[in-house]
Structure formats: C-alpha cells, structure tokens
Amino acid sequence: MVPQNLEEAIEQAKVATLTALEAGCNRVQIELVIPEIALQAQSLALQFTSLFEDHGSGLRVLFPDTGAAALARRDWGETTFKISDLGSRFIPVDMKISEEDTIFLIVCPSSVEINSVEKLCNLAGDRPVVLLIPQLEDLYVVGIGLAARQLRERFVSILESAYYLRSLEGAVVLRSYPSLWQVWLEKEQGYELIAEEPQKLAGEALELLLIKATSGTNSETNESPKPKKAGLLTNMQRFLRALSQ
C-alpha cells in the first residue's frame with residue numbers, strides 16, 4: 001500500500017530491504033525519489049543502521065566524502081559500527097574497508113562516486129552492499145556517453161530495488177520487494193492501483209499510462225474539481241522540513 005508519510009515509507013523500506021537480503025539479494029538499493037531528500041541523508045542513514053545491529057562492528061557505513069563521514073562521526077558519537085568514506089583519487093576505496101566488514105551501507109552515492117561504488121561491490125564479494133537513496137539520475141541521461149551506458153549495463157543493471165518510492169503530481173510509483181512495480185493514482189479518498197509491471201514504468205510509458213487513467217476525469221460534469229487534500233509529496237516535504245529544523 002502507498003505510505004501516508006515519510007515515516008511509513010521508511011518502515012516499509014526497512015521491511016523490504018531485510019526481505020531482499022534474506023532472499024539472497026546482496027546488491028540492493030533503497031530509492032526515495034523526493035526533492036531534497038539528500039539533505040537528510042545522515043539522519044536517514046542512522047535510522048537504517050538499526051537494521052544491521054546483528055552485524056555489530058561488521059557493519060561499515062560509507063559516505064561519499066570525508067567531510068560527510070566526519071560530520072556523521074561527530075553527530076552520532078560512539079557507535080558499534082564503523083564509519084568511513086568512499087575514498088578519493090589519493091586514497092582508493094579498497095583502503096577504506098577491511099576483511100572484518102560483513103555488510104556495507106553506502107549513503108547517498110551520486111554518479112560522481114559510482115566507479116568507487118562498483119569497485120567496492122567487486123571487493124565485497126558475497127558480502128551484502130546496500131545503497132541508501134542513491135542519486136544516479138545522471139547515468140540515465142540520453143547521450144551521456146558510451147562509458148555511462150557500459151556502466152549501466154555492467155553494474156547499475158544488477159542492483160535490486162528493494163524499495164522504490166516516487167511521488168508525482170497525483171500519482172505514486174512504488175516497489176516494495178518482492179512485489180511488482182506498481183503505479184497508484186491519487187483519488188479523493190486514498191489511492192487506486194492502476195498498474196503492476198515486472199519492470200519499472202518511467203518516461204513516456206508512465207506518462208501515457210497516467211494520461212489514459214486520468215482522461216475523462218471531471219469531463220462528465222461541469223462542476224469544478226474538488227480541492228485535493230495534501231498529497232504524499234506534500235506530507236513528505238513537510239516531514240523533511242521538520243527534520244531540518
């Protein structure tokens with residue numbers, strides 16, 4: 001079901017992530033496609049570390065850069081898990097991990113760090129790697145180049161979306177492992193499921209689906225459409241603003 005707010009989405013994402021990991025998926029991502037969600041990456045990461053308490057010091061949380069990792073160490077204080085970053089040109093990612101690590105949580109990696117993420121996944125072997133709110137939109141831009149296309153085919157395509165939530169104007173795209181990809185249309189009271197597909201609906205295919213689903217709305221009456229209640233996107237943005245206070 002469609003979550004009513006970000007708190008519900010996070011709880012759904014936790015359950016879906018554990019389900020995917022228990023099913024043997026060891027390269028998973030948690031995608032919350034919400035404007036400015038990256039600004040709360042540290043707060044969200046701390047919530048997700050509780051999923052891996054059984055790993056103790058075997059959990060390694062990696063941030064995109066040394067600055068973000070240092071802020072997390074300062075704000076979180078003493079932790080049972082390790083905190084580091086994805087390395088740099090001078091200190092590669094293989095120097096940031098150890099054989100004692102049993103699971104990796106990568107926080108908000110972007111297309112800038114994707115090569116380091118791929119390298120870490122190769123080094124991790126059978127150990128699980130979880131990408132939390134990755135920001136990889138640039139890799140899907142048409143015409144971005146051969147290297148990016150090869151990277152998508154070689155690495156990004158193997159990532160399992162344990163949880164995906166994208167709130168649009170009047171609709172929601174949702175995937176919670178192991179369910180199919182769903183598209184929900186916002187109604188006056190709740191949401192209506194209008195599509196379930198084995199692959200993610202996006203771009204023109206998603207647009208056409210929504211046009212077809214909404215065509216004729218209010219066309220049989222001359223009445224003005226009733227004002228909508230606050231939608232999921234609005235509720236999530238309010239929650240994010242509250243977190244940043």
# chains A, B, ... in the order shown; residues from 1 in each chain; ligands from 1
$ select_by_dssp --residues "segment 7-195 of chain A" --states "alpha helix (DSSP H)" --output "ChimeraX atom specification"
/A:7-22,41-49,66-76,114-124,146-154
$ residues_around --residues "Ala162 of chain A" --least-positions-apart "5" --cutoff "6 Å" --atoms "only C-alpha atoms" --output "PyMOL selection string"
chain A and resi 16-17+28-30+176-177
$ closest_residue --among "A:Leu174, A:Val112, A:Leu165, A:Ala195" --to "Ala148 of chain A" --atoms "only C-alpha atoms"
A:Val112
$ closest_residue --among "A:Asp75, A:Glu100, A:Glu11, A:Glu188" --to "Arg60 of chain A" --atoms "only C-alpha atoms"
A:Glu100
$ select_by_dssp --residues "segment 103-224 of chain A" --states "strand (DSSP E)" --output "MDAnalysis selection string"
chainID A and resid 103:107 129:132 160:168 171:176 181:186 191:197
$ write_last_selection --atoms "C-alpha atoms" --output "PDB file, in the first residue's frame"
ATOM      1  CA  ILE A 103      27.917  -5.668   5.327  1.00  0.00           C
ATOM      2  CA  PHE A 104      28.173  -2.227   3.726  1.00  0.00           C
ATOM      3  CA  LEU A 105      25.693   0.651   3.784  1.00  0.00           C
ATOM      4  CA  ILE A 106      26.572   3.324   1.206  1.00  0.00           C
ATOM      5  CA  VAL A 107      24.818   6.608   1.915  1.00  0.00           C
ATOM      6  CA  VAL A 129      26.014  -3.921  -0.148  1.00  0.00           C
ATOM      7  CA  VAL A 130      23.048  -1.595   0.397  1.00  0.00           C
ATOM      8  CA  LEU A 131      22.772   1.749  -1.406  1.00  0.00           C
ATOM      9  CA  LEU A 132      20.634   4.223   0.526  1.00  0.00           C
ATOM     10  CA  GLU A 160      17.939  -4.820  -6.984  1.00  0.00           C
ATOM     11  CA  SER A 161      15.461  -2.110  -5.980  1.00  0.00           C
ATOM     12  CA  ALA A 162      14.414  -3.375  -2.574  1.00  0.00           C
ATOM     13  CA  TYR A 163      12.302  -0.250  -2.172  1.00  0.00           C
ATOM     14  CA  TYR A 164      11.377   2.496  -4.613  1.00  0.00           C
ATOM     15  CA  LEU A 165       9.023   5.385  -3.971  1.00  0.00           C
ATOM     16  CA  ARG A 166       8.457   8.258  -6.342  1.00  0.00           C
ATOM     17  CA  SER A 167       5.666  10.718  -5.654  1.00  0.00           C
ATOM     18  CA  LEU A 168       4.315  12.557  -8.687  1.00  0.00           C
ATOM     19  CA  ALA A 171       0.268   9.565  -8.625  1.00  0.00           C
ATOM     20  CA  VAL A 172       2.841   7.344  -6.930  1.00  0.00           C
ATOM     21  CA  VAL A 173       5.272   4.793  -8.361  1.00  0.00           C
ATOM     22  CA  LEU A 174       6.034   2.152  -5.749  1.00  0.00           C
ATOM     23  CA  ARG A 175       8.034  -1.038  -5.488  1.00  0.00           C
ATOM     24  CA  SER A 176       8.487  -2.936  -2.233  1.00  0.00           C
ATOM     25  CA  TRP A 181       6.344  -2.333  -9.728  1.00  0.00           C
ATOM     26  CA  GLN A 182       3.102  -0.501  -9.033  1.00  0.00           C
ATOM     27  CA  VAL A 183       1.530   2.763 -10.172  1.00  0.00           C
ATOM     28  CA  TRP A 184      -1.105   4.262  -7.884  1.00  0.00           C
ATOM     29  CA  LEU A 185      -3.437   7.091  -8.869  1.00  0.00           C
ATOM     30  CA  GLU A 186      -4.421   9.601  -6.213  1.00  0.00           C
ATOM     31  CA  TYR A 191      -5.068   5.772  -3.890  1.00  0.00           C
ATOM     32  CA  GLU A 192      -6.182   3.408  -6.648  1.00  0.00           C
ATOM     33  CA  LEU A 193      -3.816   0.801  -8.105  1.00  0.00           C
ATOM     34  CA  ILE A 194      -3.811   1.214 -11.908  1.00  0.00           C
ATOM     35  CA  ALA A 195      -0.824  -0.877 -12.997  1.00  0.00           C
ATOM     36  CA  GLU A 196       1.520  -3.649 -11.856  1.00  0.00           C
ATOM     37  CA  GLU A 197       4.520  -4.485 -14.005  1.00  0.00           C
TER      38      GLU A 197
END
$ residues_around --residues "segment 84-90 of chain A" --least-positions-apart "2" --cutoff "7 Å" --atoms "only C-alpha atoms" --output "PyMOL selection string"
chain A and resi 61-66+69+82+92-93+96+116
$ closest_residue --among "A:Ile211, A:Ile83, A:Val2, A:Leu201" --to "Thr49 of chain A" --atoms "only C-alpha atoms"
A:Ile83
$ closest_residue --among "A:Glu137, A:Gly58, A:Met1, A:Val117" --to "Glu99 of chain A" --atoms "only C-alpha atoms"
A:Gly58
$ atom_distance --atom1 "atom CA of Glu78 of chain A" --atom2 "atom CA of Ala9 of chain A"
27.5 Å
$ atom_distance --atom1 "atom CA of Phe81 of chain A" --atom2 "atom CA of Asp101 of chain A"
9.4 Å
$ atom_distance --atom1 "atom CA of Ser43 of chain A" --atom2 "atom CA of Pro178 of chain A"
26.1 Å
$ closest_residue --among "A:Gly170, A:Pro134, A:Pro3, A:Gly67" --to "Ala45 of chain A" --atoms "only C-alpha atoms"
A:Pro134
